[in-house]
>>> print(open('coords_35.cif').read())   # mmCIF, C-alpha atoms
data_my_file
loop_
_atom_site.label_atom_id
_atom_site.label_comp_id
_atom_site.auth_asym_id
_atom_site.auth_seq_id
_atom_site.Cartn_x
_atom_site.Cartn_y
_atom_site.Cartn_z
CA MET A 1 -15.70 -47.03 -33.57
CA ILE A 2 -17.77 -43.86 -33.94
CA PHE A 3 -20.94 -45.58 -32.68
CA ARG A 4 -20.16 -45.63 -28.99
CA LYS A 5 -21.96 -47.91 -26.58
CA LYS A 6 -24.29 -45.28 -25.16
CA GLN A 7 -27.84 -44.22 -25.66
CA ILE A 8 -28.40 -41.77 -28.50
CA GLN A 9 -30.72 -39.07 -27.19
CA THR A 10 -31.73 -37.12 -30.32
CA GLN A 11 -32.28 -37.47 -34.05
CA MET A 12 -29.59 -34.84 -34.58
CA GLU A 13 -26.98 -36.94 -32.78
CA LEU A 14 -28.01 -40.03 -34.75
CA GLU A 15 -27.68 -38.10 -38.00
CA ILE A 16 -24.24 -36.76 -37.02
CA LEU A 17 -23.04 -40.29 -36.29
CA GLU A 18 -24.50 -41.66 -39.55
CA GLN A 19 -22.30 -39.41 -41.66
CA PRO A 20 -19.20 -41.59 -42.24
CA ALA A 21 -21.35 -44.42 -43.63
CA ILE A 22 -23.42 -42.06 -45.80
CA ILE A 23 -20.30 -40.38 -47.18
CA ASP A 24 -18.73 -43.77 -47.90
CA ALA A 25 -21.84 -45.03 -49.73
CA PHE A 26 -22.02 -41.82 -51.77
CA ILE A 27 -18.35 -41.98 -52.76
CA ASN A 28 -18.55 -45.66 -53.73
CA LYS A 29 -21.61 -44.99 -55.85
CA TYR A 30 -19.69 -42.56 -58.05
CA ILE A 31 -16.15 -44.02 -58.04
CA LYS A 32 -15.49 -47.48 -59.47
CA ASN A 33 -11.91 -48.72 -60.00
CA TYR A 34 -10.63 -45.13 -59.74
CA VAL A 35 -13.05 -44.00 -62.46
CA LEU A 36 -15.47 -41.16 -61.67
CA LEU A 37 -18.97 -42.06 -62.85
CA LEU A 38 -20.28 -38.53 -62.79
CA ASP A 39 -21.92 -36.56 -65.58
CA VAL A 40 -20.75 -32.95 -65.68
CA PRO A 41 -20.70 -30.41 -68.52
CA VAL A 42 -17.48 -29.78 -70.46
CA ASN A 43 -15.80 -26.55 -71.55
CA ILE A 44 -16.75 -24.73 -68.36
CA LYS A 45 -15.50 -21.12 -68.28
CA ASN A 46 -16.61 -20.20 -64.77
CA ILE A 47 -18.89 -21.46 -62.02
CA LYS A 48 -21.58 -19.74 -59.96
CA ILE A 49 -22.85 -21.52 -56.84
CA VAL A 50 -26.26 -20.31 -55.64
CA ALA A 51 -27.72 -21.45 -52.31
CA SER A 52 -29.12 -20.42 -48.91
CA GLY A 53 -28.40 -21.22 -45.26
CA SER A 54 -26.13 -24.22 -44.65
CA SER A 55 -26.13 -24.89 -48.40
CA TYR A 56 -24.57 -21.45 -48.95
CA ASN A 57 -21.82 -22.29 -46.45
CA CYS A 58 -21.33 -25.56 -48.31
CA GLY A 59 -21.00 -23.53 -51.52
CA LEU A 60 -18.25 -21.40 -49.98
CA LEU A 61 -16.29 -24.59 -49.33
CA GLY A 62 -17.11 -25.83 -52.84
CA LYS A 63 -15.56 -22.65 -54.23
CA LYS A 64 -12.27 -23.77 -52.67
CA PHE A 65 -12.53 -27.17 -54.39
CA PHE A 66 -13.28 -25.76 -57.84
CA GLU A 67 -10.55 -23.14 -57.68
CA ASP A 68 -7.84 -25.37 -56.17
CA ILE A 69 -8.56 -28.68 -57.91
CA ALA A 70 -10.24 -27.70 -61.21
CA GLN A 71 -8.61 -24.24 -61.34
CA ILE A 72 -11.84 -22.57 -62.46
CA ASP A 73 -12.97 -19.16 -61.26
CA THR A 74 -15.94 -19.67 -58.92
CA LYS A 75 -18.30 -17.37 -57.06
CA THR A 76 -20.87 -18.18 -54.38
CA GLU A 77 -24.03 -16.11 -53.94
CA PHE A 78 -27.06 -16.13 -51.67
CA SER A 79 -30.16 -17.28 -53.56
CA GLY A 80 -32.23 -14.33 -52.30
CA GLU A 81 -29.61 -11.81 -53.45
CA PHE A 82 -29.34 -13.51 -56.82
CA VAL A 83 -33.10 -13.43 -57.40
CA CYS A 84 -33.25 -9.68 -56.71
CA ARG A 85 -30.34 -8.69 -58.96
CA THR A 86 -31.32 -6.79 -62.11
CA LYS A 87 -28.23 -7.99 -63.99
CA GLN A 88 -28.96 -10.96 -66.23
CA PRO A 89 -27.28 -14.30 -65.42
CA ASP A 90 -24.07 -15.15 -67.29
CA LYS A 91 -25.06 -17.45 -70.17
CA ASP A 92 -21.53 -18.88 -70.34
CA ALA A 93 -21.34 -19.93 -66.68
CA LEU A 94 -22.22 -23.23 -65.03
CA TYR A 95 -24.75 -22.55 -62.28
CA ILE A 96 -24.79 -25.00 -59.35
CA PHE A 97 -27.80 -24.92 -57.03
CA ILE A 98 -27.67 -26.67 -53.65
CA SER A 99 -30.82 -27.54 -51.71
CA GLN A 100 -31.49 -30.46 -49.38
CA SER A 101 -35.20 -30.53 -50.16
CA GLY A 102 -34.92 -29.44 -53.78
CA GLU A 103 -37.80 -27.09 -52.94
CA THR A 104 -35.99 -24.18 -51.24
CA TYR A 105 -38.04 -21.18 -52.27
CA ASP A 106 -35.42 -18.61 -53.23
CA THR A 107 -33.07 -21.23 -54.71
CA THR A 108 -35.74 -22.60 -57.06
CA LEU A 109 -36.59 -19.02 -58.12
CA ALA A 110 -32.90 -18.46 -58.88
CA ALA A 111 -32.76 -21.62 -60.97
CA LYS A 112 -35.80 -20.52 -62.98
CA LYS A 113 -34.15 -17.15 -63.61
CA VAL A 114 -31.02 -18.88 -64.95
CA LYS A 115 -33.04 -21.25 -67.13
CA GLU A 116 -34.69 -18.25 -68.80
CA VAL A 117 -31.35 -17.15 -70.30
CA GLY A 118 -30.34 -20.67 -71.34
CA ALA A 119 -27.33 -21.12 -69.03
CA VAL A 120 -26.32 -24.62 -67.94
CA THR A 121 -27.73 -25.64 -64.55
CA PHE A 122 -26.66 -28.27 -62.03
CA ALA A 123 -28.68 -29.40 -58.98
CA ILE A 124 -27.26 -30.96 -55.82
CA VAL A 125 -30.25 -32.20 -53.81
CA ASN A 126 -31.38 -34.87 -51.37
CA ASN A 127 -34.72 -35.33 -53.10
CA GLU A 128 -35.23 -36.68 -56.60
CA ASN A 129 -38.25 -35.44 -58.54
CA SER A 130 -38.23 -32.20 -56.58
CA THR A 131 -38.70 -28.85 -58.33
CA LEU A 132 -34.96 -28.17 -58.48
CA TRP A 133 -34.18 -31.70 -59.67
CA ASN A 134 -36.65 -31.40 -62.52
CA LEU A 135 -35.51 -27.90 -63.47
CA CYS A 136 -31.80 -28.53 -63.89
CA ASP A 137 -29.81 -29.97 -66.80
CA TYR A 138 -27.37 -31.92 -64.62
CA LYS A 139 -28.07 -33.29 -61.15
CA ILE A 140 -26.77 -35.32 -58.22
CA ASN A 141 -28.87 -36.99 -55.54
CA ILE A 142 -26.67 -36.96 -52.45
CA ASN A 143 -28.64 -39.91 -51.00
CA ALA A 144 -28.27 -38.75 -47.41
CA GLY A 145 -31.64 -40.18 -46.41
CA LYS A 146 -34.39 -38.35 -44.59
CA GLU A 147 -33.10 -35.66 -42.25
CA ASN A 148 -35.40 -35.39 -39.25
CA SER A 149 -33.57 -32.80 -37.18
CA ILE A 150 -33.95 -29.21 -38.36
CA ALA A 151 -30.21 -28.58 -38.48
CA ALA A 152 -28.55 -29.83 -41.68
CA THR A 153 -25.92 -32.41 -40.75
CA LYS A 154 -25.62 -35.40 -43.06
CA SER A 155 -27.08 -33.47 -46.01
CA PHE A 156 -24.38 -30.83 -45.50
CA THR A 157 -21.45 -33.24 -45.58
CA ALA A 158 -22.90 -35.30 -48.45
CA SER A 159 -23.37 -32.09 -50.49
CA LEU A 160 -19.80 -31.17 -49.66
CA CYS A 161 -18.60 -34.49 -51.06
CA ALA A 162 -20.72 -33.95 -54.18
CA LEU A 163 -19.02 -30.60 -54.82
CA TYR A 164 -15.61 -32.20 -54.27
CA LEU A 165 -16.34 -34.98 -56.77
CA CYS A 166 -17.60 -32.44 -59.30
CA ALA A 167 -14.37 -30.46 -58.96
CA VAL A 168 -12.26 -33.59 -59.46
CA LYS A 169 -14.33 -34.68 -62.49
CA ILE A 170 -14.02 -31.26 -64.13
CA ALA A 171 -10.26 -31.32 -63.51
CA GLN A 172 -10.11 -34.80 -65.04
CA ASN A 173 -12.07 -33.62 -68.09
CA ASN A 174 -9.50 -30.85 -68.47
CA LEU A 175 -6.73 -33.49 -68.56
CA LYS A 176 -5.34 -32.74 -65.10
CA ASP A 177 -3.86 -35.55 -63.02
CA VAL A 178 -6.43 -36.32 -60.32
CA THR A 179 -4.96 -39.61 -59.08
CA LYS A 180 -4.14 -38.32 -55.59
CA TYR A 181 -7.63 -36.82 -55.16
CA LEU A 182 -9.32 -40.10 -56.10
CA LYS A 183 -7.08 -42.09 -53.77
CA ASN A 184 -7.64 -39.67 -50.88
CA ILE A 185 -11.40 -39.61 -51.24
CA LEU A 186 -11.58 -43.41 -51.22
CA ASP A 187 -9.87 -43.30 -47.81
CA THR A 188 -12.32 -40.72 -46.44
CA ARG A 189 -14.43 -43.03 -44.28
CA LYS A 190 -11.35 -44.64 -42.71
CA ASN A 191 -9.93 -41.19 -41.96
CA ILE A 192 -13.07 -39.70 -40.39
CA GLU A 193 -14.62 -42.74 -38.69
CA ASN A 194 -13.21 -42.01 -35.24
CA ILE A 195 -12.78 -38.24 -35.36
CA LEU A 196 -15.21 -37.52 -32.52
CA ASP A 197 -13.65 -40.18 -30.30
CA LEU A 198 -10.18 -38.74 -30.88
CA THR A 199 -11.10 -35.09 -30.36
CA VAL A 200 -10.65 -33.64 -26.87
CA ASN A 201 -12.56 -30.97 -24.92
CA ILE A 202 -15.86 -30.82 -26.87
CA ASP A 203 -17.87 -31.37 -23.66
CA LYS A 204 -15.78 -28.88 -21.73
CA ALA A 205 -16.19 -26.22 -24.43
CA ALA A 206 -19.96 -26.84 -24.66
CA LYS A 207 -20.37 -26.35 -20.90
CA PHE A 208 -18.38 -23.10 -21.05
CA LEU A 209 -20.16 -21.66 -24.11
CA SER A 210 -23.64 -22.56 -22.86
CA LYS A 211 -23.29 -19.87 -20.17
CA TYR A 212 -23.28 -17.06 -22.76
CA ASP A 213 -26.17 -15.36 -24.53
CA ALA A 214 -23.92 -14.25 -27.40
CA PHE A 215 -20.42 -14.68 -28.79
CA SER A 216 -18.61 -14.74 -32.15
CA THR A 217 -16.90 -17.28 -34.38
CA ILE A 218 -13.95 -16.37 -36.58
CA GLY A 219 -11.84 -18.05 -39.24
CA GLN A 220 -9.85 -17.23 -42.37
CA GLY A 221 -10.46 -18.60 -45.87
CA VAL A 222 -11.99 -22.09 -45.67
CA ASN A 223 -12.14 -21.68 -41.90
CA TYR A 224 -14.39 -18.64 -42.32
CA ALA A 225 -16.92 -20.84 -44.15
CA LEU A 226 -16.63 -23.34 -41.29
CA ALA A 227 -17.06 -20.52 -38.76
CA ARG A 228 -20.28 -19.51 -40.55
CA GLU A 229 -21.60 -23.06 -40.33
CA CYS A 230 -20.60 -23.25 -36.67
CA ALA A 231 -22.48 -20.03 -35.89
CA LEU A 232 -25.57 -21.17 -37.79
CA LYS A 233 -25.65 -24.57 -36.09
CA ILE A 234 -25.47 -23.02 -32.61
CA LYS A 235 -28.14 -20.44 -33.49
CA GLU A 236 -30.49 -23.11 -34.86
CA THR A 237 -30.10 -25.47 -31.92
CA SER A 238 -29.52 -23.20 -28.89
CA TYR A 239 -30.89 -19.78 -29.95
CA ILE A 240 -27.62 -18.14 -28.85
CA ASP A 241 -26.76 -15.00 -30.83
CA VAL A 242 -23.62 -16.25 -32.58
CA ASN A 243 -22.16 -14.31 -35.50
CA ALA A 244 -19.34 -15.37 -37.81
CA TYR A 245 -16.59 -13.15 -39.18
CA SER A 246 -13.61 -13.48 -41.45
CA MET A 247 -10.66 -13.21 -39.08
CA GLY A 248 -9.04 -10.45 -41.13
CA GLU A 249 -12.28 -8.47 -41.37
CA PHE A 250 -13.04 -8.93 -37.67
CA VAL A 251 -10.32 -6.47 -36.64
CA HIS A 252 -11.87 -3.74 -38.82
CA GLY A 253 -14.40 -2.54 -36.27
CA HIS A 254 -16.24 -5.73 -35.37
CA VAL A 255 -13.59 -6.58 -32.77
CA ALA A 256 -15.10 -3.83 -30.59
CA ILE A 257 -17.81 -6.29 -29.51
CA LEU A 258 -15.14 -7.97 -27.36
CA ASN A 259 -15.39 -4.95 -25.06
CA LYS A 260 -18.76 -6.36 -23.97
CA ILE A 261 -18.65 -10.10 -24.64
CA ASP A 262 -15.09 -11.35 -24.43
CA THR A 263 -15.69 -14.84 -25.84
CA LEU A 264 -14.75 -16.26 -29.25
CA ILE A 265 -14.70 -19.54 -31.12
CA GLU A 266 -11.65 -19.54 -33.36
CA ILE A 267 -11.25 -22.11 -36.14
CA ILE A 268 -7.66 -22.36 -37.30
CA THR A 269 -6.45 -25.45 -39.15
CA SER A 270 -3.02 -26.61 -40.27
CA ASP A 271 -3.06 -24.72 -43.59
CA PHE A 272 -3.00 -21.34 -41.81
CA CYS A 273 -0.96 -18.45 -43.21
CA ASP A 274 1.29 -15.85 -41.54
CA PHE A 275 -1.40 -13.16 -41.91
CA GLU A 276 -3.86 -15.36 -40.03
CA ILE A 277 -1.46 -15.89 -37.10
CA LYS A 278 -0.57 -12.19 -36.91
CA THR A 279 -4.26 -11.22 -36.92
CA LEU A 280 -5.08 -13.76 -34.23
CA ASN A 281 -2.17 -12.54 -32.10
CA LYS A 282 -3.38 -8.94 -32.45
CA ILE A 283 -6.87 -9.90 -31.26
CA VAL A 284 -5.43 -11.84 -28.32
CA ASN A 285 -2.95 -9.12 -27.33
CA ASP A 286 -5.45 -6.25 -27.59
CA TYR A 287 -8.53 -7.88 -26.04
CA LYS A 288 -7.40 -11.08 -24.29
CA PRO A 289 -10.62 -12.94 -25.18
CA LYS A 290 -11.68 -16.22 -23.60
CA SER A 291 -11.20 -18.37 -26.69
CA VAL A 292 -12.37 -21.81 -27.68
CA VAL A 293 -9.92 -22.78 -30.43
CA ILE A 294 -10.86 -25.60 -32.81
CA SER A 295 -7.64 -26.78 -34.43
CA ASP A 296 -5.76 -29.75 -35.85
CA THR A 297 -2.34 -28.16 -35.28
CA GLN A 298 0.16 -28.42 -32.46
CA GLU A 299 0.68 -24.65 -32.42
CA ASN A 300 0.54 -23.15 -28.95
CA PHE A 301 -2.45 -20.83 -29.39
CA ASP A 302 -3.58 -18.75 -26.44
CA ALA A 303 -6.86 -20.51 -25.70
CA LYS A 304 -9.03 -20.99 -22.65
CA ILE A 305 -10.24 -24.29 -24.13
CA PRO A 306 -8.45 -25.92 -27.09
CA ILE A 307 -10.55 -28.44 -29.04
CA ILE A 308 -7.83 -30.47 -30.69
CA LEU A 309 -8.72 -32.92 -33.45
CA PRO A 310 -6.48 -35.30 -35.40
CA TYR A 311 -4.48 -33.88 -38.31
CA CYS A 312 -5.01 -35.22 -41.83
CA GLU A 313 -3.12 -34.08 -44.91
CA ASP A 314 -6.13 -34.48 -47.21
CA MET A 315 -8.14 -31.26 -47.63
CA LEU A 316 -11.60 -32.89 -47.76
CA THR A 317 -10.98 -35.00 -44.66
CA ARG A 318 -9.66 -31.96 -42.80
CA ILE A 319 -12.81 -29.97 -43.61
CA LEU A 320 -15.18 -32.85 -42.80
CA SER A 321 -13.42 -33.40 -39.47
CA VAL A 322 -14.00 -29.79 -38.41
CA VAL A 323 -17.63 -30.01 -39.56
CA PHE A 324 -18.22 -33.09 -37.37
CA VAL A 325 -16.69 -31.33 -34.35
CA VAL A 326 -18.74 -28.17 -34.97
CA GLN A 327 -21.97 -30.17 -35.28
CA MET A 328 -21.31 -32.08 -32.07
CA LEU A 329 -20.33 -28.90 -30.23
CA ALA A 330 -23.61 -27.24 -31.27
CA LEU A 331 -25.56 -30.32 -30.16
CA LYS A 332 -23.87 -30.47 -26.77
CA ILE A 333 -24.40 -26.75 -26.10
CA ALA A 334 -28.10 -27.21 -26.89
CA LEU A 335 -28.39 -30.22 -24.61
CA LYS A 336 -26.71 -28.29 -21.77
CA LEU A 337 -29.46 -25.68 -22.22
CA LYS A 338 -32.15 -28.39 -22.44
CA ARG A 339 -33.20 -27.38 -25.95
CA ASP A 340 -35.18 -29.72 -28.20
CA VAL A 341 -32.77 -29.85 -31.15
CA ASP A 342 -35.15 -31.93 -33.24
CA LYS A 343 -38.05 -29.48 -32.92
CA PRO A 344 -36.58 -26.00 -32.41
CA HIS A 345 -39.01 -23.25 -31.51
CA GLY A 346 -40.09 -20.99 -34.40
CA LEU A 347 -37.83 -22.57 -37.01
CA ASN A 348 -38.99 -24.21 -40.23
CA LYS A 349 -37.24 -25.06 -43.47
CA VAL A 350 -38.15 -22.44 -46.08
CA VAL A 351 -39.56 -24.32 -49.06
CA SER A 352 -41.87 -23.44 -51.89
#
>>> encode(input="coords_35.cif", output="structure tokens")
Amino acid sequence: MIFRKKQIQTQMELEILEQPAIIDAFINKYIKNYVLLLDVPVNIKNIKIVASGSSYNCGLLGKKFFEDIAQIDTKTEFSGEFVCRTKQPDKDALYIFISQSGETYDTTLAAKKVKEVGAVTFAIVNNENSTLWNLCDYKININAGKENSIAATKSFTASLCALYLCAVKIAQNNLKDVTKYLKNILDTRKNIENILDLTVNIDKAAKFLSKYDAFSTIGQGVNYALARECALKIKETSYIDVNAYSMGEFVHGHVAILNKIDTLIEIITSDFCDFEIKTLNKIVNDYKPKSVVISDTQENFDAKIPIILPYCEDMLTRILSVVFVVQMLALKIALKLKRDVDKPHGLNKVVS
């Protein structure tokens, strides 16, 4: 059982461990007898996801869901960049805004800009009757409960599930067979309940990484979005200068940082491609970094510390599993450094 018989030291840890139950409650609220009780617009031509911080990283993962499941072209953009663009929003697009508070300053400004041109808007929030909730045409309350730690944990995974359900519902509206997606998502809690208990070397990796003032995280495709979230979580909780890169882009100049700090977190899951393996091998052969590899595969990667988690065929479960591991790794690094993860120094949520 994920709630181990030990004292929980921080709000962040409590919120990490609450996630399977929150995800299960959210899923069961919107799926009854294999029917999705979710209101989404029809005749969607393309989707734009607009968000900031962890919500932006969530949007990058949502892009994967919409393109793979609903087969709709999707783009993700930072709220601040969107607000400053002179080009008018696309009136024919569905705009999805993600904000835990529903009051995120640049995200609410972006939503107002979209409303001015009459495009359809969709809010994913953890706060009903917030500015974003009241602005948008369609909306989902992720019902993650109050999040006391500064780092988004349960709101991140609940928002991720909301995006997944939206993708499945849009696919269903477009007469695609979504039976396997509905079955898989109903098994999500069972699949993720014991992930942290079954994953090895998180403590060992945290002790190793806590000795560094800076390092990088890399991943390809979906794993790049997860690498971004990993970097952000460690920055927020430990103040270590961690930067995320697409694995393919990393070799185009950025790899030179390994001349000074030879440490990497690599996220590489079972849906890797040949290009990904060749790029990783090039980095290893040229620079021989001390790597912490987070993976659900049995591939023999050259790693100082492999964090191996259970494999699951379902895409959502696979992503959620890595997220849990990343969150716990960030927490444990912070605790090694004696940081107060619930009240980080100089860090506040940016709301209007």
>>> closest_residue(input="coords_35.cif", among="A:Ser149, A:Gln298, A:Gln19, A:Asn46", to="Asp73 in chain A", atoms="only C-alpha atoms")
A:Asn46
>>> residues_around(input="coords_35.cif", residues="range 313-326 of chain A", least_positions_apart="2", cutoff="7 Å", atoms="all atoms listed in the file", output="PyMOL selection string")
chain A and resi 157+184+188+191-192+195-196+226+230+311+328-330
>>> write_last_selection(input="coords_35.cif", atoms="C-alpha atoms", output="compact mmCIF listing (two decimals), keeping the file's coordinate frame")
# COMPACT_ATOMS: atom_id res chain seq x y z
CA THR A 157 -21.45 -33.24 -45.58
CA ASN A 184 -7.64 -39.67 -50.88
CA THR A 188 -12.32 -40.72 -46.44
CA ASN A 191 -9.93 -41.19 -41.96
CA ILE A 192 -13.07 -39.70 -40.39
CA ILE A 195 -12.78 -38.24 -35.36
CA LEU A 196 -15.21 -37.52 -32.52
CA LEU A 226 -16.63 -23.34 -41.29
CA CYS A 230 -20.60 -23.25 -36.67
CA TYR A 311 -4.48 -33.88 -38.31
CA MET A 328 -21.31 -32.08 -32.07
CA LEU A 329 -20.33 -28.90 -30.23
CA ALA A 330 -23.61 -27.24 -31.27
>>> closest_residue(input="coords_35.cif", among="A:Tyr138, A:Phe275, A:Tyr164, A:Phe250", to="Lys63 in chain A", atoms="only C-alpha atoms")
A:Tyr164
>>> closest_atom_pairs(input="coords_35.cif", of="range 138-211 of chain A", to="range 104-122 of chain A", cutoff="12 Å", atoms="all atoms listed in the file", output="Markdown table")
| residue | atom | partner | partner_atom | distance |
| --- | --- | --- | --- | --- |
| A:Tyr138 | CA | A:Phe122 | CA | 4.5 |
| A:Lys139 | CA | A:Phe122 | CA | 5.3 |
| A:Ile140 | CA | A:Phe122 | CA | 8.0 |
| A:Asn141 | CA | A:Phe122 | CA | 11.1 |
| A:Ala162 | CA | A:Phe122 | CA | 11.4 |
| A:Leu163 | CA | A:Phe122 | CA | 10.8 |
| A:Cys166 | CA | A:Phe122 | CA | 10.3 |
>>> atom_distance(input="coords_35.cif", atom1="CA of Ala171 in chain A", atom2="CA of Ile69 in chain A")
6.4 Å
>>> closest_atom_pairs(input="coords_35.cif", of="range 234-273 of chain A", to="range 203-219 of chain A", cutoff="7 Å", atoms="all atoms listed in the file", output="CSV")
residue,atom,partner,partner_atom,distance
A:Ile240,CA,A:Asp213,CA,5.3
A:Asp241,CA,A:Ala214,CA,4.5
A:Val242,CA,A:Phe215,CA,5.2
A:Asn243,CA,A:Ser216,CA,4.9
A:Ala244,CA,A:Thr217,CA,4.6
A:Tyr245,CA,A:Ile218,CA,4.9
A:Ser246,CA,A:Gly219,CA,5.4
A:Met247,CA,A:Gly219,CA,5.0
A:Ile261,CA,A:Phe215,CA,6.4
A:Thr263,CA,A:Phe215,CA,5.6
A:Leu264,CA,A:Ser216,CA,5.1
A:Ile265,CA,A:Thr217,CA,4.5
A:Glu266,CA,A:Ile218,CA,5.1
A:Ile267,CA,A:Gly219,CA,5.1
A:Ile268,CA,A:Gly219,CA,6.3
>>> closest_residue(input="coords_35.cif", among="A:Lys260, A:Gln220, A:Ile308, A:Phe65", to="Pro289 in chain A", atoms="only C-alpha atoms")
A:Lys260
>>> atom_distance(input="coords_35.cif", atom1="CA of Cys312 in chain A", atom2="CA of Asn126 in chain A")
28.0 Å
>>> residues_around(input="coords_35.cif", residues="range 36-45 of chain A", least_positions_apart="4", cutoff="10 Å", atoms="only C-alpha atoms", output="PDB file with C-alpha atoms, in the frame of the given file")
ATOM      1  CA  ILE A  27     -18.350 -41.980 -52.760  1.00  0.00           C
ATOM      2  CA  ASN A  28     -18.550 -45.660 -53.730  1.00  0.00           C
ATOM      3  CA  LYS A  29     -21.610 -44.990 -55.850  1.00  0.00           C
ATOM      4  CA  TYR A  30     -19.690 -42.560 -58.050  1.00  0.00           C
ATOM      5  CA  ILE A  31     -16.150 -44.020 -58.040  1.00  0.00           C
ATOM      6  CA  LYS A  32     -15.490 -47.480 -59.470  1.00  0.00           C
ATOM      7  CA  ILE A  72     -11.840 -22.570 -62.460  1.00  0.00           C
ATOM      8  CA  ASP A  73     -12.970 -19.160 -61.260  1.00  0.00           C
ATOM      9  CA  THR A  74     -15.940 -19.670 -58.920  1.00  0.00           C
ATOM     10  CA  ASP A  92     -21.530 -18.880 -70.340  1.00  0.00           C
ATOM     11  CA  ALA A  93     -21.340 -19.930 -66.680  1.00  0.00           C
ATOM     12  CA  LEU A  94     -22.220 -23.230 -65.030  1.00  0.00           C
ATOM     13  CA  VAL A 120     -26.320 -24.620 -67.940  1.00  0.00           C
ATOM     14  CA  THR A 121     -27.730 -25.640 -64.550  1.00  0.00           C
ATOM     15  CA  PHE A 122     -26.660 -28.270 -62.030  1.00  0.00           C
ATOM     16  CA  ASP A 137     -29.810 -29.970 -66.800  1.00  0.00           C
ATOM     17  CA  TYR A 138     -27.370 -31.920 -64.620  1.00  0.00           C
ATOM     18  CA  LYS A 139     -28.070 -33.290 -61.150  1.00  0.00           C
ATOM     19  CA  ILE A 140     -26.770 -35.320 -58.220  1.00  0.00           C
ATOM     20  CA  ALA A 162     -20.720 -33.950 -54.180  1.00  0.00           C
ATOM     21  CA  LEU A 165     -16.340 -34.980 -56.770  1.00  0.00           C
ATOM     22  CA  CYS A 166     -17.600 -32.440 -59.300  1.00  0.00           C
ATOM     23  CA  ALA A 167     -14.370 -30.460 -58.960  1.00  0.00           C
ATOM     24  CA  VAL A 168     -12.260 -33.590 -59.460  1.00  0.00           C
ATOM     25  CA  LYS A 169     -14.330 -34.680 -62.490  1.00  0.00           C
ATOM     26  CA  ILE A 170     -14.020 -31.260 -64.130  1.00  0.00           C
ATOM     27  CA  GLN A 172     -10.110 -34.800 -65.040  1.00  0.00           C
ATOM     28  CA  ASN A 173     -12.070 -33.620 -68.090  1.00  0.00           C
ATOM     29  CA  ASN A 174      -9.500 -30.850 -68.470  1.00  0.00           C
ATOM     30  CA  LEU A 182      -9.320 -40.100 -56.100  1.00  0.00           C
TER      31      LEU A 182
END
>>> decode(input="coords_35.cif", residues="range 180-193 of chain A", atoms="N, CA and C atoms", output="short mmCIF file (atom, residue, chain, number, x, y, z; two decimals), in the first residue's frame")
data_model
loop_
_atom_site.label_atom_id
_atom_site.label_comp_id
_atom_site.auth_asym_id
_atom_site.auth_seq_id
_atom_site.Cartn_x
_atom_site.Cartn_y
_atom_site.Cartn_z
N LYS A 180 -10.66 0.89 -25.33
CA LYS A 180 -9.44 0.52 -24.60
C LYS A 180 -8.97 1.66 -23.69
N TYR A 181 -9.19 2.90 -24.11
CA TYR A 181 -8.78 4.05 -23.28
C TYR A 181 -9.63 4.13 -22.01
N LEU A 182 -10.93 3.89 -22.17
CA LEU A 182 -11.82 3.93 -21.01
C LEU A 182 -11.50 2.81 -20.03
N LYS A 183 -11.24 1.62 -20.57
CA LYS A 183 -10.89 0.49 -19.70
C LYS A 183 -9.59 0.76 -18.96
N ASN A 184 -8.58 1.26 -19.69
CA ASN A 184 -7.28 1.51 -19.07
C ASN A 184 -7.37 2.56 -17.97
N ILE A 185 -8.12 3.62 -18.23
CA ILE A 185 -8.16 4.70 -17.24
C ILE A 185 -8.90 4.26 -15.97
N LEU A 186 -9.86 3.35 -16.10
CA LEU A 186 -10.54 2.84 -14.92
C LEU A 186 -9.63 1.99 -14.04
N ASP A 187 -8.54 1.48 -14.64
CA ASP A 187 -7.57 0.68 -13.89
C ASP A 187 -6.41 1.52 -13.36
N THR A 188 -6.48 2.84 -13.53
CA THR A 188 -5.34 3.69 -13.22
C THR A 188 -4.92 3.58 -11.76
N ARG A 189 -5.87 3.71 -10.84
CA ARG A 189 -5.49 3.67 -9.42
C ARG A 189 -4.80 2.36 -9.06
N LYS A 190 -5.35 1.25 -9.53
CA LYS A 190 -4.76 -0.06 -9.25
C LYS A 190 -3.32 -0.12 -9.78
N ASN A 191 -3.11 0.47 -10.95
CA ASN A 191 -1.79 0.41 -11.59
C ASN A 191 -0.75 1.30 -10.91
N ILE A 192 -1.18 2.41 -10.32
CA ILE A 192 -0.21 3.37 -9.78
C ILE A 192 -0.10 3.33 -8.26
N GLU A 193 -0.99 2.58 -7.61
CA GLU A 193 -1.07 2.62 -6.14
C GLU A 193 0.27 2.37 -5.46
#
